[in-house]
Amino acid sequence: MNKEIPDTPDLTIVAAVYNNAPFLENFFTYLKDQHLKNWELIIVNDGSSDNSEEILQQYVEHFPNMKLITQENQGVSVARNTGLAHARGRYVALPDTDDVILPGMYNRLLDLAIENNLDVAACNGRYVYEDNRPSRPIFPL
């Protein structure tokens with residue numbers, strides 16, 4: 001682990017990966033575009049049988065705050081719990097690797113949470129369908 005990471009990061013991002021190779025490049029680009037300062041990244045490879053592990057190994061070099069855990073496939077909930085067991089952050093985010101994460105989203109949520117001493121900060125998202133159905137909010141307005 002990188003010694004520059006404080007004992008308590010502001011944010012821990014935990015992502016479960018299972019055969020997500022097609023999404024990983026974008027996922028890591030979205031994380032880089034957050035420009036977070038005090039954070040850690042925990043990736044749990046949940047027994048992927050595609051080349052996700054090889055791709056993840058490449059990103060360990062580019063994200064010194066990343067911890068990669070590999071386990072047998074046990075499902076997304078167990079994978080997230082594995083990651084949470086290693087989390088040290090004041091706040092935790094659990095994105096999916098196929099999510100689109102807009103630049104600055106985590107910084108904005110962190111600012112709101114820290115300034116207001118919140119236990120939870122959330123934002124809405126949109127379901128986007130590959131079959132051209134109209135997108136819709138995840139949480140009703």
# chains A, B, ... in the order shown; residues from 1 in each chain; ligands from 1
>>> residues_around(residues="A:Gly83", least_positions_apart="4", cutoff="12 Å", atoms="only C-alpha atoms", output="JSON, numbers by chain")
{"A": [12, 13, 14, 15, 16, 17, 40, 41, 42, 43, 44, 45, 46, 66, 67, 68, 69, 70, 71, 76, 77, 78, 79, 87, 88, 89, 92, 93, 94]}
>>> write_last_selection(atoms="N, CA, C and O atoms", output="compact mmCIF listing (two decimals), in the first residue's frame")
# COMPACT_ATOMS: atom_id res chain seq x y z
N THR A 12 -13.49 5.65 0.34
CA THR A 12 -13.09 4.34 -0.17
C THR A 12 -14.08 3.98 -1.26
O THR A 12 -15.30 4.01 -1.05
N ILE A 13 -13.56 3.64 -2.43
CA ILE A 13 -14.39 3.15 -3.52
C ILE A 13 -14.17 1.65 -3.60
O ILE A 13 -13.03 1.20 -3.76
N VAL A 14 -15.25 0.89 -3.45
CA VAL A 14 -15.21 -0.56 -3.52
C VAL A 14 -15.98 -0.99 -4.76
O VAL A 14 -17.15 -0.66 -4.91
N ALA A 15 -15.31 -1.73 -5.64
CA ALA A 15 -15.97 -2.22 -6.85
C ALA A 15 -15.77 -3.72 -6.97
O ALA A 15 -14.65 -4.21 -6.86
N ALA A 16 -16.87 -4.41 -7.20
CA ALA A 16 -16.84 -5.85 -7.46
C ALA A 16 -16.72 -6.05 -8.97
O ALA A 16 -17.38 -5.37 -9.75
N VAL A 17 -15.86 -6.97 -9.36
CA VAL A 17 -15.64 -7.25 -10.78
C VAL A 17 -15.90 -8.73 -11.03
O VAL A 17 -15.31 -9.59 -10.38
N GLU A 40 -9.04 5.82 -1.37
CA GLU A 40 -8.48 4.50 -1.67
C GLU A 40 -9.46 3.76 -2.56
O GLU A 40 -10.66 4.05 -2.55
N LEU A 41 -8.93 2.83 -3.31
CA LEU A 41 -9.71 2.04 -4.25
C LEU A 41 -9.50 0.58 -3.93
O LEU A 41 -8.36 0.11 -3.88
N ILE A 42 -10.61 -0.12 -3.69
CA ILE A 42 -10.54 -1.56 -3.44
C ILE A 42 -11.34 -2.25 -4.53
O ILE A 42 -12.54 -2.01 -4.69
N ILE A 43 -10.65 -3.09 -5.30
CA ILE A 43 -11.28 -3.85 -6.37
C ILE A 43 -11.28 -5.31 -5.95
O ILE A 43 -10.23 -5.86 -5.59
N VAL A 44 -12.45 -5.94 -6.01
CA VAL A 44 -12.56 -7.36 -5.69
C VAL A 44 -12.91 -8.10 -6.97
O VAL A 44 -14.01 -7.96 -7.51
N ASN A 45 -11.94 -8.85 -7.47
CA ASN A 45 -12.17 -9.70 -8.63
C ASN A 45 -12.84 -10.98 -8.13
O ASN A 45 -12.21 -11.81 -7.48
N ASP A 46 -14.11 -11.10 -8.44
CA ASP A 46 -14.94 -12.18 -7.90
C ASP A 46 -14.94 -13.40 -8.83
O ASP A 46 -15.97 -13.81 -9.34
N MET A 66 -4.68 1.68 -4.98
CA MET A 66 -5.58 0.56 -5.30
C MET A 66 -5.11 -0.73 -4.62
O MET A 66 -3.93 -1.06 -4.63
N LYS A 67 -6.08 -1.40 -4.04
CA LYS A 67 -5.84 -2.74 -3.49
C LYS A 67 -6.69 -3.70 -4.31
O LYS A 67 -7.90 -3.52 -4.44
N LEU A 68 -6.05 -4.71 -4.88
CA LEU A 68 -6.75 -5.71 -5.68
C LEU A 68 -6.84 -7.01 -4.89
O LEU A 68 -5.83 -7.55 -4.44
N ILE A 69 -8.07 -7.46 -4.72
CA ILE A 69 -8.33 -8.72 -4.01
C ILE A 69 -8.98 -9.67 -5.01
O ILE A 69 -9.92 -9.30 -5.71
N THR A 70 -8.47 -10.89 -5.06
CA THR A 70 -9.05 -11.90 -5.95
C THR A 70 -9.60 -13.03 -5.09
O THR A 70 -8.94 -13.50 -4.17
N GLN A 71 -10.81 -13.43 -5.41
CA GLN A 71 -11.45 -14.53 -4.67
C GLN A 71 -12.24 -15.39 -5.65
O GLN A 71 -12.47 -14.99 -6.79
N VAL A 76 -21.97 -10.74 -6.20
CA VAL A 76 -21.64 -9.34 -6.00
C VAL A 76 -21.74 -8.91 -4.53
O VAL A 76 -20.91 -8.13 -4.05
N SER A 77 -22.70 -9.43 -3.80
CA SER A 77 -22.86 -9.01 -2.40
C SER A 77 -21.68 -9.46 -1.56
O SER A 77 -21.15 -8.69 -0.75
N VAL A 78 -21.25 -10.70 -1.74
CA VAL A 78 -20.08 -11.20 -0.99
C VAL A 78 -18.83 -10.44 -1.41
O VAL A 78 -18.00 -10.06 -0.57
N ALA A 79 -18.69 -10.17 -2.71
CA ALA A 79 -17.52 -9.41 -3.19
C ALA A 79 -17.49 -8.02 -2.57
O ALA A 79 -16.44 -7.55 -2.13
N ALA A 87 -12.01 -1.70 3.82
CA ALA A 87 -12.19 -0.25 3.65
C ALA A 87 -11.78 0.51 4.90
O ALA A 87 -12.09 0.09 6.02
N ARG A 88 -11.10 1.64 4.70
CA ARG A 88 -10.68 2.49 5.81
C ARG A 88 -11.26 3.89 5.71
O ARG A 88 -11.03 4.73 6.59
N GLY A 89 -11.99 4.18 4.65
CA GLY A 89 -12.46 5.53 4.40
C GLY A 89 -13.56 5.99 5.34
O GLY A 89 -14.31 5.20 5.89
N VAL A 92 -17.90 5.61 1.95
CA VAL A 92 -17.71 4.49 1.04
C VAL A 92 -18.65 4.64 -0.14
O VAL A 92 -19.81 5.02 0.02
N ALA A 93 -18.14 4.34 -1.32
CA ALA A 93 -18.96 4.30 -2.53
C ALA A 93 -18.84 2.90 -3.13
O ALA A 93 -17.78 2.28 -3.08
N LEU A 94 -19.95 2.44 -3.70
CA LEU A 94 -20.02 1.09 -4.27
C LEU A 94 -20.49 1.15 -5.73
O LEU A 94 -21.58 0.67 -6.06
>>> residues_around(residues="A:Glu25", least_positions_apart="6", cutoff="10 Å", atoms="only C-alpha atoms", output="PyMOL selection string")
chain A and resi 55-56+59+97
>>> select_by_dssp(residues="stretch 11-136 of chain A", states="alpha helix (DSSP H)", output="PyMOL selection string")
chain A and resi 21-32+52-60+76-86+105-115
>>> residues_around(residues="A:Asp50", least_positions_apart="2", cutoff="10 Å", atoms="only C-alpha atoms", output="JSON list (two decimals) with all heavy atoms, in the first residue's frame")
[["chain", "number", "residue", "atom", "x", "y", "z"],
["A", 18, "TYR", "N", -16.78, -8.99, -11.97],
["A", 18, "TYR", "CA", -16.99, -10.37, -12.44],
["A", 18, "TYR", "C", -17.20, -10.30, -13.95],
["A", 18, "TYR", "O", -18.23, -9.82, -14.43],
["A", 18, "TYR", "CB", -18.19, -11.04, -11.78],
["A", 18, "TYR", "CG", -18.42, -12.43, -12.33],
["A", 18, "TYR", "CD1", -17.56, -13.46, -11.99],
["A", 18, "TYR", "CD2", -19.46, -12.68, -13.21],
["A", 18, "TYR", "CE1", -17.74, -14.73, -12.52],
["A", 18, "TYR", "CE2", -19.65, -13.95, -13.74],
["A", 18, "TYR", "CZ", -18.79, -14.97, -13.39],
["A", 18, "TYR", "OH", -18.96, -16.22, -13.92],
["A", 19, "ASN", "N", -16.20, -10.74, -14.69],
["A", 19, "ASN", "CA", -16.24, -10.75, -16.15],
["A", 19, "ASN", "C", -16.65, -9.38, -16.72],
["A", 19, "ASN", "O", -17.52, -9.29, -17.57],
["A", 19, "ASN", "CB", -17.18, -11.85, -16.66],
["A", 19, "ASN", "CG", -16.65, -13.23, -16.36],
["A", 19, "ASN", "OD1", -15.47, -13.40, -16.04],
["A", 19, "ASN", "ND2", -17.49, -14.22, -16.45],
["A", 20, "ASN", "N", -16.00, -8.35, -16.23],
["A", 20, "ASN", "CA", -16.31, -6.97, -16.64],
["A", 20, "ASN", "C", -15.26, -6.38, -17.57],
["A", 20, "ASN", "O", -15.18, -5.15, -17.71],
["A", 20, "ASN", "CB", -16.45, -6.07, -15.41],
["A", 20, "ASN", "CG", -17.60, -6.44, -14.52],
["A", 20, "ASN", "OD1", -17.42, -6.57, -13.31],
["A", 20, "ASN", "ND2", -18.77, -6.62, -15.09],
["A", 21, "ALA", "N", -14.46, -7.19, -18.21],
["A", 21, "ALA", "CA", -13.37, -6.70, -19.05],
["A", 21, "ALA", "C", -13.79, -5.58, -20.00],
["A", 21, "ALA", "O", -13.07, -4.58, -20.12],
["A", 21, "ALA", "CB", -12.72, -7.85, -19.82],
["A", 22, "PRO", "N", -14.94, -5.68, -20.68],
["A", 22, "PRO", "CA", -15.29, -4.61, -21.64],
["A", 22, "PRO", "C", -15.50, -3.23, -21.00],
["A", 22, "PRO", "O", -15.45, -2.22, -21.69],
["A", 22, "PRO", "CB", -16.61, -5.10, -22.26],
["A", 22, "PRO", "CG", -16.67, -6.55, -21.99],
["A", 22, "PRO", "CD", -15.91, -6.77, -20.71],
["A", 47, "GLY", "N", -13.74, -13.95, -9.06],
["A", 47, "GLY", "CA", -13.63, -15.18, -9.84],
["A", 47, "GLY", "C", -13.89, -15.02, -11.32],
["A", 47, "GLY", "O", -14.42, -15.94, -11.96],
["A", 48, "SER", "N", -13.51, -13.89, -11.89],
["A", 48, "SER", "CA", -13.73, -13.67, -13.32],
["A", 48, "SER", "C", -13.05, -14.76, -14.15],
["A", 48, "SER", "O", -11.94, -15.19, -13.84],
["A", 48, "SER", "CB", -13.17, -12.31, -13.75],
["A", 48, "SER", "OG", -13.87, -11.27, -13.14],
["A", 52, "SER", "N", -10.44, -10.09, -17.12],
["A", 52, "SER", "CA", -10.54, -8.99, -16.15],
["A", 52, "SER", "C", -9.32, -8.93, -15.23],
["A", 52, "SER", "O", -8.81, -7.83, -14.97],
["A", 52, "SER", "CB", -11.82, -9.13, -15.30],
["A", 52, "SER", "OG", -12.97, -8.91, -16.07],
["A", 53, "GLU", "N", -8.87, -10.05, -14.74],
["A", 53, "GLU", "CA", -7.72, -10.07, -13.81],
["A", 53, "GLU", "C", -6.49, -9.44, -14.45],
["A", 53, "GLU", "O", -5.81, -8.62, -13.83],
["A", 53, "GLU", "CB", -7.41, -11.49, -13.36],
["A", 53, "GLU", "CG", -6.20, -11.61, -12.44],
["A", 53, "GLU", "CD", -6.44, -11.17, -11.01],
["A", 53, "GLU", "OE1", -7.61, -11.14, -10.57],
["A", 53, "GLU", "OE2", -5.46, -10.84, -10.32],
["A", 54, "GLU", "N", -6.21, -9.78, -15.70],
["A", 54, "GLU", "CA", -5.04, -9.22, -16.38],
["A", 54, "GLU", "C", -5.18, -7.71, -16.54],
["A", 54, "GLU", "O", -4.22, -6.95, -16.34],
["A", 54, "GLU", "CB", -4.84, -9.88, -17.75],
["A", 54, "GLU", "CG", -4.45, -11.34, -17.68],
["A", 54, "GLU", "CD", -5.63, -12.29, -17.44],
["A", 54, "GLU", "OE1", -6.78, -11.90, -17.72],
["A", 54, "GLU", "OE2", -5.40, -13.41, -16.95],
["A", 55, "ILE", "N", -6.36, -7.26, -16.90],
["A", 55, "ILE", "CA", -6.60, -5.83, -17.05],
["A", 55, "ILE", "C", -6.44, -5.13, -15.70],
["A", 55, "ILE", "O", -5.80, -4.07, -15.60],
["A", 55, "ILE", "CB", -8.00, -5.57, -17.65],
["A", 55, "ILE", "CG1", -8.07, -6.12, -19.08],
["A", 55, "ILE", "CG2", -8.34, -4.08, -17.62],
["A", 55, "ILE", "CD1", -9.46, -6.15, -19.67]]
>>> residues_around(residues="A:Leu109", least_positions_apart="5", cutoff="9 Å", atoms="only C-alpha atoms", output="PyMOL selection string")
chain A and resi 104+114+121-123
>>> write_last_selection(atoms="C-alpha atoms", output="PDB file, in the first residue's frame")
ATOM      1  CA  GLY A 104     -16.258  15.634 -10.053  1.00  0.00           C
ATOM      2  CA  ILE A 114     -18.063  16.682   5.073  1.00  0.00           C
ATOM      3  CA  ALA A 121     -24.758  11.532   0.666  1.00  0.00           C
ATOM      4  CA  ALA A 122     -26.499  10.252  -2.435  1.00  0.00           C
ATOM      5  CA  CYS A 123     -27.290  11.381  -5.924  1.00  0.00           C
TER       6      CYS A 123
END
>>> closest_residue(among="A:Leu141, A:Asp10, A:Lys37, A:Tyr127", to="A:Asp98", atoms="only C-alpha atoms")
A:Tyr127
>>> select_by_dssp(residues="stretch 46-114 of chain A", states="strand (DSSP E)", output="ChimeraX atom specification")
/A:46,66-71,91-93
>>> write_last_selection(atoms="N, CA and C atoms", output="mmCIF file, in the first residue's frame")
data_model
loop_
_atom_site.group_PDB
_atom_site.id
_atom_site.type_symbol
_atom_site.label_atom_id
_atom_site.label_comp_id
_atom_site.auth_asym_id
_atom_site.auth_seq_id
_atom_site.Cartn_x
_atom_site.Cartn_y
_atom_site.Cartn_z
ATOM 1 N N ASP A 46 -14.105 -11.100 -8.435
ATOM 2 C CA ASP A 46 -14.940 -12.176 -7.899
ATOM 3 C C ASP A 46 -14.940 -13.399 -8.831
ATOM 4 N N MET A 66 -4.676 1.678 -4.981
ATOM 5 C CA MET A 66 -5.580 0.559 -5.299
ATOM 6 C C MET A 66 -5.113 -0.727 -4.624
ATOM 7 N N LYS A 67 -6.077 -1.405 -4.045
ATOM 8 C CA LYS A 67 -5.843 -2.736 -3.492
ATOM 9 C C LYS A 67 -6.686 -3.699 -4.310
ATOM 10 N N LEU A 68 -6.054 -4.713 -4.880
ATOM 11 C CA LEU A 68 -6.750 -5.714 -5.684
ATOM 12 C C LEU A 68 -6.838 -7.009 -4.886
ATOM 13 N N ILE A 69 -8.069 -7.463 -4.724
ATOM 14 C CA ILE A 69 -8.333 -8.719 -4.012
ATOM 15 C C ILE A 69 -8.978 -9.674 -5.007
ATOM 16 N N THR A 70 -8.474 -10.892 -5.064
ATOM 17 C CA THR A 70 -9.047 -11.899 -5.950
ATOM 18 C C THR A 70 -9.597 -13.035 -5.094
ATOM 19 N N GLN A 71 -10.814 -13.433 -5.410
ATOM 20 C CA GLN A 71 -11.453 -14.527 -4.672
ATOM 21 C C GLN A 71 -12.241 -15.385 -5.651
ATOM 22 N N TYR A 91 -16.051 7.709 4.207
ATOM 23 C CA TYR A 91 -17.227 7.430 3.393
ATOM 24 C C TYR A 91 -16.878 6.322 2.416
ATOM 25 N N VAL A 92 -17.900 5.613 1.949
ATOM 26 C CA VAL A 92 -17.706 4.488 1.036
ATOM 27 C C VAL A 92 -18.654 4.641 -0.140
ATOM 28 N N ALA A 93 -18.143 4.339 -1.317
ATOM 29 C CA ALA A 93 -18.958 4.302 -2.531
ATOM 30 C C ALA A 93 -18.844 2.904 -3.130
#
>>> atom_distance(atom1="atom CA of A:Phe63", atom2="atom CA of A:Gln34")
12.8 Å
>>> residues_around(residues="A:Phe27", least_positions_apart="3", cutoff="9 Å", atoms="only C-alpha atoms", output="tab-separated table (two decimals) with N, CA, C and O atoms, in the first residue's frame")
chain	number	residue	atom	x	y	z
A	23	PHE	N	-15.73	-3.18	-19.69
A	23	PHE	CA	-16.07	-1.92	-19.02
A	23	PHE	C	-14.90	-1.31	-18.25
A	23	PHE	O	-14.98	-0.16	-17.83
A	24	LEU	N	-13.84	-2.06	-18.04
A	24	LEU	CA	-12.81	-1.63	-17.09
A	24	LEU	C	-12.04	-0.40	-17.54
A	24	LEU	O	-11.74	0.47	-16.71
A	30	TYR	N	-13.04	7.04	-15.68
A	30	TYR	CA	-13.98	7.82	-14.86
A	30	TYR	C	-13.39	8.11	-13.48
A	30	TYR	O	-13.54	9.22	-12.95
A	31	LEU	N	-12.73	7.12	-12.88
A	31	LEU	CA	-12.13	7.33	-11.57
A	31	LEU	C	-11.00	8.36	-11.63
A	31	LEU	O	-10.90	9.24	-10.78
A	32	LYS	N	-10.16	8.26	-12.66
A	32	LYS	CA	-9.07	9.22	-12.82
A	32	LYS	C	-9.62	10.63	-12.98
A	32	LYS	O	-9.08	11.59	-12.41
A	96	ASP	N	-20.81	0.28	-9.76
A	96	ASP	CA	-20.65	-0.86	-10.67
A	96	ASP	C	-19.67	-0.43	-11.75
A	96	ASP	O	-19.62	0.75	-12.12
A	97	THR	N	-18.94	-1.37	-12.31
A	97	THR	CA	-17.92	-1.01	-13.29
A	97	THR	C	-18.52	-0.55	-14.62
A	97	THR	O	-17.81	0.05	-15.43
A	98	ASP	N	-19.80	-0.80	-14.84
A	98	ASP	CA	-20.41	-0.30	-16.08
A	98	ASP	C	-21.14	1.02	-15.87
A	98	ASP	O	-21.79	1.53	-16.78
A	99	ASP	N	-21.01	1.62	-14.69
A	99	ASP	CA	-21.60	2.93	-14.44
A	99	ASP	C	-20.83	4.01	-15.19
A	99	ASP	O	-19.61	3.91	-15.38
A	100	VAL	N	-21.53	5.06	-15.58
A	100	VAL	CA	-20.90	6.28	-16.08
A	100	VAL	C	-20.82	7.23	-14.89
A	100	VAL	O	-21.85	7.58	-14.31
A	101	ILE	N	-19.61	7.61	-14.54
A	101	ILE	CA	-19.40	8.47	-13.37
A	101	ILE	C	-18.90	9.82	-13.89
A	101	ILE	O	-17.79	9.92	-14.40
>>> closest_residue(among="A:Ala85, A:Gln58, A:Arg90, A:Pro103", to="A:Asp7", atoms="only C-alpha atoms")
A:Arg90
>>> atom_distance(atom1="atom CA of A:His35", atom2="atom CA of A:Tyr106")
9.1 Å
>>> atom_distance(atom1="atom CA of A:Asp111", atom2="atom CA of A:Leu36")
11.4 Å
